[in-house]
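Since the structure comes first, as structure tokens, the remarks are kept for the end.
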Amino acid sequence: MGNVQRIFYYHVPSAWTAFLLFFINFVCSVQYLVRQDKVADTIANWVVILLGVATCVAAFVIRPLPDGIEPSSVATTGLAILGVYFLIKRYCSGKSTDALAVVTAEVGVIFCTVVLVTGPLWARPVWGIWWTWDVRLTSTLVLWLIYISYLMLRQFSTSGQTPVLAAALAIFGALDVPLVYFSIWIFRTQHPQPVIGGGGSIDPRMLHVLLINWLAFLCFAGLICRSRYRLEILQREVEEVQALEGLHELRSSR
Amino acid sequence: MNFLYAAYTATWVIHITYLGILVRRYQRLQHEIEVLKKAGSST
């Protein structure tokens with residue numbers, strides 16, 4: 001494969017970072033919806049707790065797991081879902097949950113764009129084609145399109161119900177993430193099989209570089225999300241002041 | 001090797017373009033805040 005293989009160090013961490021951001025967007029969207037009703041909020045809390053516990057138990061009970069998937073990694077994923085949900089619930093209010101959802105969707109789309117651009121650049125010299133409509137590639141494109149439509153809805157809709165509609169769309173969008181991730185386990189695809197946790201193997205030196213790169217991408221994504229979040233909050237405050245100014249002018253003209 | 005450079009360049013271009021968009025949004029917001037401050041001080 002030669003030097004082209006090095007695209008892997010950009011492509012894979014970008015994909016993982018995008019998935020993580022879409023997952024946070026999903027959690028924020030769920031919380032934004034359920035917080036509008038106390039009963040729904042309580043039910044959602046219990047569902048998440050049960051889901052976390054059931055994942056941990058199932059990881060050690062269900063046999064056989066797909067090749068290369070360790071019970072401990074499944075259990076850790078279950079606990080991580082539980083942790084992220086309650087961390088966001090504890091530290092974000094209703095409005096900031098919505099703001100965080102917008103931010104993670106936008107930054108996630110940027111990383112997903114990197115995945116969709118670097119993938120064909122790797123495929124052309126290795127497969128001899130830029131693109132093929134196999135499940136992994138198509139589902140990633142669909143994921144990107146769903147989040148593009150989410151951002152367009154946010155940008156152009158002026159309805160007061162926009163956050164609710166966007167949250168519902170984000171939940172449907174996030175359902176595509178597991179399909180993208182597990183498509184190479186479930187279907188026969190042209191996309192290479194997973195090199196981590198999928199029965200494949202990777203040289204430990206390559207794995208170190210990959211993980212360091214992912215850490216760098218995570219830090220970069222965190223920094224961008226932080227400044228984008230501040231921008232979003234500031235923008236909302238300015239819009240509120242502008243609306244109040246408009247009301248004030250209307251009253252004084254009467 | 002050309003594809004590798006193309007992929008690296010594309011990644012950097014995407015991220016830098018997005019950062020540029022963020023900077024422009026900040027500047028626009030800063031301008032709106034200035035306008036609001038002026039409007040507030042004149043009333």
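The chains in the structure tokens are called A, B, ... from first to last as shown; in each chain the residues are counted from 1, and the ligands are counted from 1 in the order shown.
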Counting only C-alpha atoms, which residues of chain B sit at most 7 Å from some atom of segment 231-240 of chain A, and what is each one's closest atom pair with its distance in Å to one decimal, listed by chain and rising residue number, as CSV?
```
residue,atom,partner,partner_atom,distance
B:Tyr26,CA,A:Leu231,CA,6.8
B:Leu29,CA,A:Gln235,CA,6.8
B:Ile33,CA,A:Val238,CA,6.9
```
Selection to disk with C-alpha atoms, as an mmCIF file, in the first residue's frame:
```cif
data_model
loop_
_atom_site.group_PDB
_atom_site.id
_atom_site.type_symbol
_atom_site.label_atom_id
_atom_site.label_comp_id
_atom_site.auth_asym_id
_atom_site.auth_seq_id
_atom_site.Cartn_x
_atom_site.Cartn_y
_atom_site.Cartn_z
ATOM 1 C CA TYR B 26 -17.217 36.263 16.169
ATOM 2 C CA LEU B 29 -21.308 39.264 16.671
ATOM 3 C CA ILE B 33 -22.800 44.012 20.346
#
```
_If you run DSSP on the backbone here, which positions in segment 30-252 of chain A get helix (DSSP H, G or I)? Please write them as a PyMOL selection string._
chain A and resi 30-34+38-61+71-91+94-127+135-156+162-174+176-186+204-252
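Near chain A, counting only C-alpha atoms at 8 Å, the chain B residues are Met1, Phe3, Leu4, Ala6, Ala7, Tyr8, Ala10, Thr11, Ile14, His15, Tyr18, Leu22, Tyr26, Leu29, Glu32, Ile33 and Leu36 of chain B.
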Written file, previous selection with N, CA and C atoms, as a CSV table (one decimal), in the first residue's frame:
```
chain,number,residue,atom,x,y,z
B,1,MET,N,2.1,8.9,-3.3
B,1,MET,CA,2.5,10.0,-2.4
B,1,MET,C,1.6,11.3,-2.6
B,3,PHE,N,-1.5,11.3,-3.4
B,3,PHE,CA,-2.8,11.1,-2.7
B,3,PHE,C,-2.6,11.4,-1.2
B,4,LEU,N,-1.5,11.0,-0.7
B,4,LEU,CA,-1.2,11.3,0.7
B,4,LEU,C,-1.2,12.8,1.0
B,6,ALA,N,-2.5,15.1,-0.9
B,6,ALA,CA,-3.9,15.6,-1.2
B,6,ALA,C,-4.8,15.5,0.1
B,7,ALA,N,-4.7,14.3,0.7
B,7,ALA,CA,-5.5,14.0,1.9
B,7,ALA,C,-5.1,14.9,3.1
B,8,TYR,N,-3.8,15.1,3.3
B,8,TYR,CA,-3.4,16.0,4.3
B,8,TYR,C,-3.8,17.4,4.1
B,10,ALA,N,-6.3,18.4,2.2
B,10,ALA,CA,-7.8,18.6,2.3
B,10,ALA,C,-8.2,18.7,3.8
B,11,THR,N,-7.5,17.9,4.6
B,11,THR,CA,-7.9,17.9,6.1
B,11,THR,C,-7.6,19.3,6.6
B,14,ILE,N,-10.1,21.9,5.3
B,14,ILE,CA,-11.4,21.9,5.9
B,14,ILE,C,-11.4,22.5,7.3
B,15,HIS,N,-10.4,22.1,8.1
B,15,HIS,CA,-10.3,22.7,9.5
B,15,HIS,C,-10.1,24.2,9.5
B,18,TYR,N,-13.1,26.1,8.4
B,18,TYR,CA,-14.1,26.2,9.5
B,18,TYR,C,-13.7,27.2,10.6
B,22,LEU,N,-15.6,30.6,11.9
B,22,LEU,CA,-15.9,30.9,13.3
B,22,LEU,C,-15.4,32.3,13.6
B,26,TYR,N,-17.6,35.5,15.0
B,26,TYR,CA,-17.2,36.3,16.2
B,26,TYR,C,-17.2,37.8,15.9
B,29,LEU,N,-20.6,39.2,15.4
B,29,LEU,CA,-21.3,39.3,16.7
B,29,LEU,C,-20.8,40.4,17.5
B,32,GLU,N,-22.4,43.5,16.2
B,32,GLU,CA,-23.8,43.6,16.7
B,32,GLU,C,-23.8,44.1,18.1
B,33,ILE,N,-22.9,43.6,18.9
B,33,ILE,CA,-22.8,44.0,20.3
B,33,ILE,C,-22.5,45.5,20.4
B,36,LEU,N,-25.5,47.4,19.6
B,36,LEU,CA,-26.5,47.4,20.7
B,36,LEU,C,-26.1,48.3,21.8
```
